[in-house]
Amino acid sequence: MKDLRSLHKSEFGMEPEVVVSAPGTINLMGEHTDYNEGLVLQVGLNRSVSVAMSRRKDSSLRFYAADFNERKRTTIANLKYKREDRWANYPKGVLFELLQLGLSFRGVDVTIAGDVPQGIGLGSSAALEVATAVAMKTLFSYDLTDMQIIQCSSRAETVFMGLESEITDQFVSCVAREGHAVFLDVRTLEYSLIPVDLGDVGIYVTNSNVPQVSTQADFRQRKEECKECVVYLSKKRPGTALRDYSVHDLKTSMGWVPESIRRVCMHVVQENQRVLDAKRALISDDAVKLGKLMSRSHESLRDYYEVSCPELDWLVKRAIEIEGVTGSRMTGPGFGGCTVSLIRESAFAKYKERLEEYERIFGFTAEAFACRPSSGVSVVARGGTR
């Protein structure tokens with residue numbers, strides 16, 4: 001935080017008036033259930049994105065990404081999406097959505113820094129959006145609820161930027177609590193906090209460092225297949241999303257729902273049940289049961305939903321071969337990105353050896369770090385010179 005304050009002062013000539021930090025997120029269970037009005041189980045990462053902000057006397061909006069040493073600027077009157085602005089579109093989108101709520105503000109100077117790995121399904125953009133929204137709320141004394149913060153942050157992506165994105169990462173980055181998982185019903189946006197106490201079993205995130213190709217077209221296709229399946233199923237029993245159907249419904253649909261679609265949707269329906277089972281496993285502190293559910297989830301993502309890749313499959317398979325690893329799965333949208341594994345302290349050294357083997361085989365350096373479920377967005381500093 002001290003470095004961020006000094007970076008802001010060096011860049012803009014004054015101390016920030018507020019510094020806000022928001023965590024990245026990771027799915028323990030519930031992959032591709034969100035856009036089917038389903039269930040997810042996520043935690044806040046012990047890695048975050050921080051935003052330092054101060055007011056200006058004019059209408060200029062200036063953004064400095066300290067991690068890239070890059071600068072972008074615009075004005076309130078010209079606040080619109082620009083492809084060339086890349087990372088700056090996320091905070092710009094939040095400011096745009098605040099204007100849509102009828103809120104007013106003068107120009108701001110913004111400095112951004114963080115340690116959430118980007119572009120691999122760990123919610124780095126959601127953390128930036130939530131931190132920006134809370135910084136604006138604090139700076140201009142807005143009367144905003146958590147849900148308004150979450151919705152503004154989500155709409156920065158879906159409306160301002162036009163991305164295929166759901167609300168879950170922003171939700172968890174806002175409401176997460178240290179030592180807990182967030183169980184979220186995406187249809188109702190009702191949630192509960194589940195204590196995470198797995199004894200000597202830790203949650204480890206491994207970045208495969210596989211370059212991700214654009215997945216927007218793939219996800220649009222999956223979404224359309226899910227919607228098409230609902231059209232078929234609703235002819236026999238009313239429903240508006242896969243959330244409304246069971247494994248039995250899909251099994252008895254053989255012959256009149258195309259098999260390619262039925263297989264994709266079987267993952268979603270089974271994954272919703274796995275989220276419920278994973279919640280119960282956490283409540284009973286059962287790392288073995290939770291691990292088995294995670295491994296079955298990966299098999300489903302690999303075989304039914306077809307969003308894994310050889311590198312992720314290798315990391316998962318080699319992990320669960322180690323005594324003391326209770327389960328592993330890919331996490332995030334897929335086609336690269338990360339795995340999340342449950343590993344006993346005594347087994348981590350062996351796991352690190354497997355990562356060295358992974359590099360020799362695939363040529364990518366996999367990076368593993370412990371995930372300690374962490375709290376949501378917070379204001380970490382106030383004050384400074386206006």
# chains A, B, ... in the order shown; residues from 1 in each chain; ligands from 1
>>> residues_around(residues="Val116 in chain A", least_positions_apart="2", cutoff="12 Å", atoms="only C-alpha atoms", output="compact mmCIF listing (two decimals) with N, CA and C atoms, in the first residue's frame")
# COMPACT_ATOMS: atom_id res chain seq x y z
N SER A 21 -8.68 -2.06 -1.92
CA SER A 21 -8.16 -3.33 -2.39
C SER A 21 -9.28 -4.35 -2.49
N ALA A 22 -9.29 -5.13 -3.58
CA ALA A 22 -10.29 -6.18 -3.77
C ALA A 22 -9.59 -7.46 -4.21
N PRO A 23 -10.05 -8.62 -3.72
CA PRO A 23 -9.36 -9.87 -4.04
C PRO A 23 -9.76 -10.45 -5.39
N GLY A 24 -8.84 -11.21 -5.97
CA GLY A 24 -9.23 -12.09 -7.06
C GLY A 24 -10.09 -13.21 -6.50
N THR A 25 -10.59 -14.07 -7.36
CA THR A 25 -11.47 -15.14 -6.93
C THR A 25 -11.11 -16.44 -7.62
N ILE A 26 -11.55 -17.55 -7.02
CA ILE A 26 -11.35 -18.84 -7.67
C ILE A 26 -12.54 -19.74 -7.38
N GLY A 44 -12.50 -15.92 -2.08
CA GLY A 44 -11.64 -14.79 -2.40
C GLY A 44 -10.19 -15.21 -2.27
N LEU A 45 -9.37 -14.82 -3.22
CA LEU A 45 -7.94 -15.15 -3.19
C LEU A 45 -7.19 -14.26 -2.21
N ASN A 46 -6.05 -14.77 -1.74
CA ASN A 46 -5.14 -13.95 -0.96
C ASN A 46 -4.20 -13.19 -1.90
N ARG A 47 -4.71 -12.80 -3.04
CA ARG A 47 -4.06 -11.91 -3.99
C ARG A 47 -5.10 -10.89 -4.43
N SER A 48 -4.67 -9.68 -4.67
CA SER A 48 -5.65 -8.62 -4.85
C SER A 48 -5.20 -7.59 -5.88
N VAL A 49 -6.16 -6.73 -6.25
CA VAL A 49 -5.90 -5.56 -7.08
C VAL A 49 -6.24 -4.34 -6.24
N SER A 50 -5.34 -3.37 -6.21
CA SER A 50 -5.56 -2.16 -5.43
C SER A 50 -5.66 -0.94 -6.35
N ASP A 67 1.80 -1.74 -12.84
CA ASP A 67 2.41 -3.02 -13.22
C ASP A 67 2.90 -3.02 -14.65
N ILE A 112 -3.28 1.96 -10.46
CA ILE A 112 -3.70 0.56 -10.31
C ILE A 112 -2.48 -0.33 -10.17
N ALA A 113 -2.53 -1.25 -9.21
CA ALA A 113 -1.47 -2.25 -9.06
C ALA A 113 -2.06 -3.48 -8.40
N GLY A 114 -1.46 -4.64 -8.63
CA GLY A 114 -1.97 -5.86 -8.00
C GLY A 114 -1.09 -7.05 -8.28
N GLN A 118 -3.25 -12.34 -14.46
CA GLN A 118 -4.31 -11.83 -15.33
C GLN A 118 -4.62 -12.78 -16.48
N GLY A 119 -5.89 -12.78 -16.85
CA GLY A 119 -6.32 -13.51 -18.03
C GLY A 119 -6.35 -15.01 -17.91
N ILE A 120 -6.42 -15.53 -16.67
CA ILE A 120 -6.40 -16.98 -16.49
C ILE A 120 -7.52 -17.46 -15.58
N GLY A 121 -8.58 -16.67 -15.46
CA GLY A 121 -9.74 -17.12 -14.73
C GLY A 121 -9.69 -16.92 -13.24
N LEU A 122 -8.87 -15.97 -12.75
CA LEU A 122 -8.77 -15.71 -11.32
C LEU A 122 -9.40 -14.38 -10.92
N GLY A 123 -10.23 -13.84 -11.76
CA GLY A 123 -11.04 -12.68 -11.40
C GLY A 123 -10.27 -11.38 -11.25
N SER A 124 -9.18 -11.21 -12.00
CA SER A 124 -8.41 -9.97 -11.87
C SER A 124 -9.21 -8.76 -12.34
N SER A 125 -9.97 -8.91 -13.43
CA SER A 125 -10.76 -7.78 -13.92
C SER A 125 -11.88 -7.43 -12.96
N ALA A 126 -12.52 -8.45 -12.38
CA ALA A 126 -13.59 -8.20 -11.41
C ALA A 126 -13.04 -7.47 -10.19
N ALA A 127 -11.85 -7.86 -9.74
CA ALA A 127 -11.24 -7.19 -8.58
C ALA A 127 -10.97 -5.73 -8.89
N LEU A 128 -10.49 -5.43 -10.10
CA LEU A 128 -10.24 -4.05 -10.51
C LEU A 128 -11.54 -3.25 -10.54
N VAL A 205 -3.44 -23.26 -6.02
CA VAL A 205 -3.73 -22.85 -7.39
C VAL A 205 -2.46 -23.03 -8.22
N ASN A 207 -0.97 -22.23 -11.99
CA ASN A 207 -1.08 -21.58 -13.29
C ASN A 207 -0.32 -22.41 -14.31
N PHE A 369 0.70 -21.70 -6.05
CA PHE A 369 0.71 -20.92 -4.82
C PHE A 369 -0.48 -21.31 -3.96
N CYS A 371 -3.71 -20.92 -1.72
CA CYS A 371 -4.86 -20.03 -1.69
C CYS A 371 -5.46 -20.06 -0.29
>>> closest_residue(among="A:Ala88, A:Ala181, A:Ala381, A:Leu290", to="Phe68 in chain A", atoms="only C-alpha atoms")
A:Ala88
>>> residues_around(residues="Ile283 in chain A", least_positions_apart="5", cutoff="8 Å", atoms="only C-alpha atoms", output="PDB file with C-alpha atoms, in the first residue's frame")
ATOM      1  CA  ILE A 194     -19.261 -21.578   4.483  1.00  0.00           C
ATOM      2  CA  PRO A 195     -16.237 -21.985   6.819  1.00  0.00           C
ATOM      3  CA  VAL A 196     -13.212 -23.593   5.161  1.00  0.00           C
TER       4      VAL A 196
END
>>> residues_around(residues="range 346-356 of chain A", least_positions_apart="6", cutoff="12 Å", atoms="only C-alpha atoms", output="ChimeraX atom specification")
/A:200-209,311-312,314-326,328,362-370
>>> select_by_dssp(residues="range 134-328 of chain A", states="strand (DSSP E)", output="compact mmCIF listing (two decimals) with N, CA and C atoms, in the first residue's frame")
# COMPACT_ATOMS: atom_id res chain seq x y z
N HIS A 180 -13.57 -18.36 4.63
CA HIS A 180 -14.87 -18.86 4.21
C HIS A 180 -14.95 -18.98 2.69
N ALA A 181 -15.83 -19.88 2.23
CA ALA A 181 -16.22 -19.94 0.83
C ALA A 181 -17.58 -19.28 0.68
N VAL A 182 -17.85 -18.78 -0.52
CA VAL A 182 -19.14 -18.17 -0.82
C VAL A 182 -19.95 -19.16 -1.65
N PHE A 183 -21.08 -19.60 -1.12
CA PHE A 183 -22.03 -20.44 -1.85
C PHE A 183 -23.10 -19.51 -2.43
N LEU A 184 -23.14 -19.42 -3.77
CA LEU A 184 -24.00 -18.44 -4.43
C LEU A 184 -24.99 -19.11 -5.36
N ASP A 185 -26.26 -18.75 -5.20
CA ASP A 185 -27.31 -19.13 -6.13
C ASP A 185 -27.41 -18.01 -7.16
N GLU A 190 -28.91 -15.06 -3.88
CA GLU A 190 -28.81 -15.34 -2.45
C GLU A 190 -27.52 -16.11 -2.21
N TYR A 191 -26.88 -15.84 -1.07
CA TYR A 191 -25.61 -16.51 -0.81
C TYR A 191 -25.46 -16.81 0.67
N SER A 192 -24.53 -17.71 0.96
CA SER A 192 -24.17 -18.00 2.35
C SER A 192 -22.67 -18.20 2.42
N LEU A 193 -22.11 -17.98 3.59
CA LEU A 193 -20.67 -18.12 3.81
C LEU A 193 -20.42 -19.43 4.54
N ILE A 194 -19.54 -20.25 3.96
CA ILE A 194 -19.26 -21.58 4.48
C ILE A 194 -17.83 -21.61 5.01
N PRO A 195 -17.61 -21.92 6.29
CA PRO A 195 -16.24 -21.99 6.82
C PRO A 195 -15.40 -23.02 6.07
N VAL A 201 -4.81 -29.99 5.00
CA VAL A 201 -5.01 -29.96 3.55
C VAL A 201 -5.17 -28.51 3.10
N GLY A 202 -4.30 -28.08 2.20
CA GLY A 202 -4.36 -26.71 1.70
C GLY A 202 -4.94 -26.65 0.30
N ILE A 203 -5.46 -25.49 -0.06
CA ILE A 203 -5.96 -25.23 -1.42
C ILE A 203 -4.82 -24.58 -2.20
N TYR A 204 -4.44 -25.22 -3.30
CA TYR A 204 -3.34 -24.70 -4.11
C TYR A 204 -3.81 -24.42 -5.53
N VAL A 205 -3.44 -23.26 -6.02
CA VAL A 205 -3.73 -22.85 -7.39
C VAL A 205 -2.46 -23.03 -8.22
N THR A 206 -2.60 -23.65 -9.37
CA THR A 206 -1.46 -23.83 -10.27
C THR A 206 -1.76 -23.20 -11.62
N ASN A 207 -0.97 -22.23 -11.99
CA ASN A 207 -1.08 -21.58 -13.29
C ASN A 207 -0.32 -22.41 -14.31
N VAL A 325 -2.73 -35.91 -2.04
CA VAL A 325 -3.54 -35.01 -2.85
C VAL A 325 -4.93 -35.61 -2.92
N THR A 326 -5.92 -34.94 -2.36
CA THR A 326 -7.26 -35.52 -2.29
C THR A 326 -8.11 -35.22 -3.51
N GLY A 327 -7.71 -34.24 -4.32
CA GLY A 327 -8.46 -33.94 -5.53
C GLY A 327 -7.88 -32.77 -6.28
N SER A 328 -8.25 -32.68 -7.57
CA SER A 328 -7.74 -31.60 -8.42
C SER A 328 -8.68 -31.42 -9.59
>>> atom_distance(atom1="CA of Pro310 in chain A", atom2="CA of Val247 in chain A")
27.7 Å
>>> closest_residue(among="A:Met136, A:Met254, A:Val264, A:Val340", to="Leu242 in chain A", atoms="only C-alpha atoms")
A:Val264
>>> select_by_dssp(residues="range 193-286 of chain A", states="helix (DSSP H, G or I)", output="JSON list (two decimals) with N, CA and C atoms, in the first residue's frame")
[["chain", "number", "residue", "atom", "x", "y", "z"],
["A", 216, "GLN", "N", -14.39, -16.59, -26.41],
["A", 216, "GLN", "CA", -15.72, -15.99, -26.46],
["A", 216, "GLN", "C", -16.64, -16.75, -27.43],
["A", 217, "ALA", "N", -16.16, -17.14, -28.60],
["A", 217, "ALA", "CA", -16.98, -17.86, -29.57],
["A", 217, "ALA", "C", -17.37, -19.24, -29.03],
["A", 218, "ASP", "N", -16.42, -19.91, -28.36],
["A", 218, "ASP", "CA", -16.71, -21.23, -27.80],
["A", 218, "ASP", "C", -17.81, -21.14, -26.75],
["A", 219, "PHE", "N", -17.74, -20.11, -25.90],
["A", 219, "PHE", "CA", -18.73, -19.99, -24.84],
["A", 219, "PHE", "C", -20.10, -19.59, -25.39],
["A", 220, "ARG", "N", -20.11, -18.78, -26.43],
["A", 220, "ARG", "CA", -21.38, -18.46, -27.06],
["A", 220, "ARG", "C", -22.04, -19.72, -27.60],
["A", 221, "GLN", "N", -21.22, -20.60, -28.19],
["A", 221, "GLN", "CA", -21.76, -21.86, -28.71],
["A", 221, "GLN", "C", -22.30, -22.72, -27.58],
["A", 222, "ARG", "N", -21.56, -22.82, -26.46],
["A", 222, "ARG", "CA", -22.02, -23.62, -25.32],
["A", 222, "ARG", "C", -23.33, -23.05, -24.77],
["A", 223, "LYS", "N", -23.39, -21.73, -24.65],
["A", 223, "LYS", "CA", -24.62, -21.11, -24.15],
["A", 223, "LYS", "C", -25.81, -21.42, -25.05],
["A", 224, "GLU", "N", -25.58, -21.35, -26.35],
["A", 224, "GLU", "CA", -26.67, -21.64, -27.28],
["A", 224, "GLU", "C", -27.10, -23.10, -27.17],
["A", 225, "GLU", "N", -26.15, -23.99, -26.99],
["A", 225, "GLU", "CA", -26.49, -25.41, -26.84],
["A", 225, "GLU", "C", -27.30, -25.64, -25.57],
["A", 226, "CYS", "N", -26.93, -24.96, -24.50],
["A", 226, "CYS", "CA", -27.68, -25.08, -23.24],
["A", 226, "CYS", "C", -29.10, -24.57, -23.41],
["A", 227, "LYS", "N", -29.25, -23.43, -24.09],
["A", 227, "LYS", "CA", -30.59, -22.87, -24.32],
["A", 227, "LYS", "C", -31.42, -23.80, -25.20],
["A", 228, "GLU", "N", -30.77, -24.38, -26.22],
["A", 228, "GLU", "CA", -31.48, -25.27, -27.12],
["A", 228, "GLU", "C", -31.98, -26.50, -26.37],
["A", 229, "CYS", "N", -31.16, -27.00, -25.46],
["A", 229, "CYS", "CA", -31.56, -28.17, -24.68],
["A", 229, "CYS", "C", -32.78, -27.85, -23.81],
["A", 230, "VAL", "N", -32.80, -26.65, -23.23],
["A", 230, "VAL", "CA", -33.94, -26.24, -22.41],
["A", 230, "VAL", "C", -35.22, -26.21, -23.25],
["A", 231, "VAL", "N", -35.11, -25.77, -24.50],
["A", 231, "VAL", "CA", -36.28, -25.76, -25.38],
["A", 231, "VAL", "C", -36.83, -27.17, -25.55],
["A", 232, "TYR", "N", -35.92, -28.13, -25.75],
["A", 232, "TYR", "CA", -36.35, -29.53, -25.88],
["A", 232, "TYR", "C", -37.00, -30.02, -24.58],
["A", 233, "LEU", "N", -36.30, -29.82, -23.47],
["A", 233, "LEU", "CA", -36.76, -30.37, -22.19],
["A", 233, "LEU", "C", -38.07, -29.73, -21.74],
["A", 242, "LEU", "N", -31.28, -24.73, -17.43],
["A", 242, "LEU", "CA", -30.87, -26.09, -17.05],
["A", 242, "LEU", "C", -30.97, -26.31, -15.54],
["A", 243, "ARG", "N", -30.92, -25.21, -14.79],
["A", 243, "ARG", "CA", -31.11, -25.28, -13.35],
["A", 243, "ARG", "C", -32.40, -26.04, -12.97],
["A", 244, "ASP", "N", -33.38, -26.01, -13.83],
["A", 244, "ASP", "CA", -34.70, -26.58, -13.53],
["A", 244, "ASP", "C", -34.79, -28.07, -13.83],
["A", 247, "VAL", "N", -30.58, -34.92, -13.69],
["A", 247, "VAL", "CA", -29.87, -35.92, -14.48],
["A", 247, "VAL", "C", -30.87, -36.90, -15.10],
["A", 248, "HIS", "N", -31.90, -37.23, -14.35],
["A", 248, "HIS", "CA", -32.93, -38.15, -14.87],
["A", 248, "HIS", "C", -33.60, -37.56, -16.11],
["A", 249, "ASP", "N", -33.88, -36.26, -16.07],
["A", 249, "ASP", "CA", -34.50, -35.61, -17.23],
["A", 249, "ASP", "C", -33.63, -35.76, -18.47],
["A", 250, "LEU", "N", -32.33, -35.59, -18.29],
["A", 250, "LEU", "CA", -31.42, -35.70, -19.43],
["A", 250, "LEU", "C", -31.26, -37.14, -19.89],
["A", 251, "LYS", "N", -31.20, -38.06, -18.94],
["A", 251, "LYS", "CA", -31.06, -39.47, -19.32],
["A", 251, "LYS", "C", -32.26, -39.96, -20.10],
["A", 259, "GLU", "N", -27.42, -35.79, -29.23],
["A", 259, "GLU", "CA", -26.47, -36.31, -28.25],
["A", 259, "GLU", "C", -25.37, -35.31, -27.92],
["A", 260, "SER", "N", -24.90, -34.55, -28.89],
["A", 260, "SER", "CA", -23.83, -33.58, -28.63],
["A", 260, "SER", "C", -24.30, -32.52, -27.64],
["A", 261, "ILE", "N", -25.55, -32.12, -27.75],
["A", 261, "ILE", "CA", -26.11, -31.13, -26.83],
["A", 261, "ILE", "C", -26.38, -31.75, -25.47],
["A", 262, "ARG", "N", -26.91, -32.96, -25.47],
["A", 262, "ARG", "CA", -27.23, -33.63, -24.21],
["A", 262, "ARG", "C", -25.98, -33.84, -23.37],
["A", 263, "ARG", "N", -24.86, -34.17, -24.02],
["A", 263, "ARG", "CA", -23.61, -34.40, -23.30],
["A", 263, "ARG", "C", -23.11, -33.11, -22.65],
["A", 264, "VAL", "N", -23.15, -32.01, -23.39],
["A", 264, "VAL", "CA", -22.74, -30.72, -22.83],
["A", 264, "VAL", "C", -23.58, -30.36, -21.62],
["A", 265, "CYS", "N", -24.88, -30.53, -21.74],
["A", 265, "CYS", "CA", -25.79, -30.13, -20.67],
["A", 265, "CYS", "C", -25.73, -31.07, -19.47],
["A", 266, "MET", "N", -25.33, -32.33, -19.70],
["A", 266, "MET", "CA", -25.16, -33.25, -18.57],
["A", 266, "MET", "C", -24.12, -32.71, -17.60],
["A", 267, "HIS", "N", -23.06, -32.08, -18.12],
["A", 267, "HIS", "CA", -22.07, -31.48, -17.22],
["A", 267, "HIS", "C", -22.71, -30.44, -16.32],
["A", 268, "VAL", "N", -23.51, -29.55, -16.88],
["A", 268, "VAL", "CA", -24.08, -28.46, -16.10],
["A", 268, "VAL", "C", -24.99, -28.99, -15.00],
["A", 269, "VAL", "N", -25.85, -29.94, -15.36],
["A", 269, "VAL", "CA", -26.80, -30.48, -14.39],
["A", 269, "VAL", "C", -26.07, -31.22, -13.27],
["A", 270, "GLN", "N", -25.09, -32.03, -13.63],
["A", 270, "GLN", "CA", -24.32, -32.75, -12.61],
["A", 270, "GLN", "C", -23.47, -31.80, -11.78],
["A", 271, "GLU", "N", -22.97, -30.75, -12.40],
["A", 271, "GLU", "CA", -22.11, -29.81, -11.68],
["A", 271, "GLU", "C", -22.90, -29.06, -10.61],
["A", 272, "ASN", "N", -24.14, -28.74, -10.89],
["A", 272, "ASN", "CA", -24.97, -28.11, -9.86],
["A", 272, "ASN", "C", -25.10, -29.01, -8.64],
["A", 273, "GLN", "N", -25.28, -30.30, -8.87],
["A", 273, "GLN", "CA", -25.36, -31.23, -7.74],
["A", 273, "GLN", "C", -24.03, -31.32, -7.02],
["A", 274, "ARG", "N", -22.93, -31.29, -7.78],
["A", 274, "ARG", "CA", -21.61, -31.34, -7.14],
["A", 274, "ARG", "C", -21.38, -30.12, -6.25],
["A", 275, "VAL", "N", -21.91, -28.96, -6.66],
["A", 275, "VAL", "CA", -21.77, -27.77, -5.81],
["A", 275, "VAL", "C", -22.47, -28.01, -4.47],
["A", 276, "LEU", "N", -23.67, -28.56, -4.50],
["A", 276, "LEU", "CA", -24.39, -28.85, -3.27],
["A", 276, "LEU", "C", -23.63, -29.86, -2.42],
["A", 277, "ASP", "N", -23.08, -30.89, -3.07],
["A", 277, "ASP", "CA", -22.32, -31.91, -2.34],
["A", 277, "ASP", "C", -21.03, -31.32, -1.78],
["A", 278, "ALA", "N", -20.39, -30.42, -2.54],
["A", 278, "ALA", "CA", -19.16, -29.79, -2.07],
["A", 278, "ALA", "C", -19.43, -28.89, -0.87],
["A", 279, "LYS", "N", -20.56, -28.20, -0.90],
["A", 279, "LYS", "CA", -20.95, -27.39, 0.24],
["A", 279, "LYS", "C", -21.07, -28.24, 1.49],
["A", 280, "ARG", "N", -21.72, -29.40, 1.38],
["A", 280, "ARG", "CA", -21.86, -30.31, 2.52],
["A", 280, "ARG", "C", -20.51, -30.84, 2.98],
["A", 281, "ALA", "N", -19.61, -31.11, 2.03],
["A", 281, "ALA", "CA", -18.28, -31.58, 2.39],
["A", 281, "ALA", "C", -17.51, -30.53, 3.19],
["A", 282, "LEU", "N", -17.64, -29.26, 2.78],
["A", 282, "LEU", "CA", -16.98, -28.19, 3.53],
["A", 282, "LEU", "C", -17.57, -28.06, 4.93],
["A", 283, "ILE", "N", -18.88, -28.15, 5.03],
["A", 283, "ILE", "CA", -19.53, -28.03, 6.34],
["A", 283, "ILE", "C", -19.05, -29.12, 7.29]]
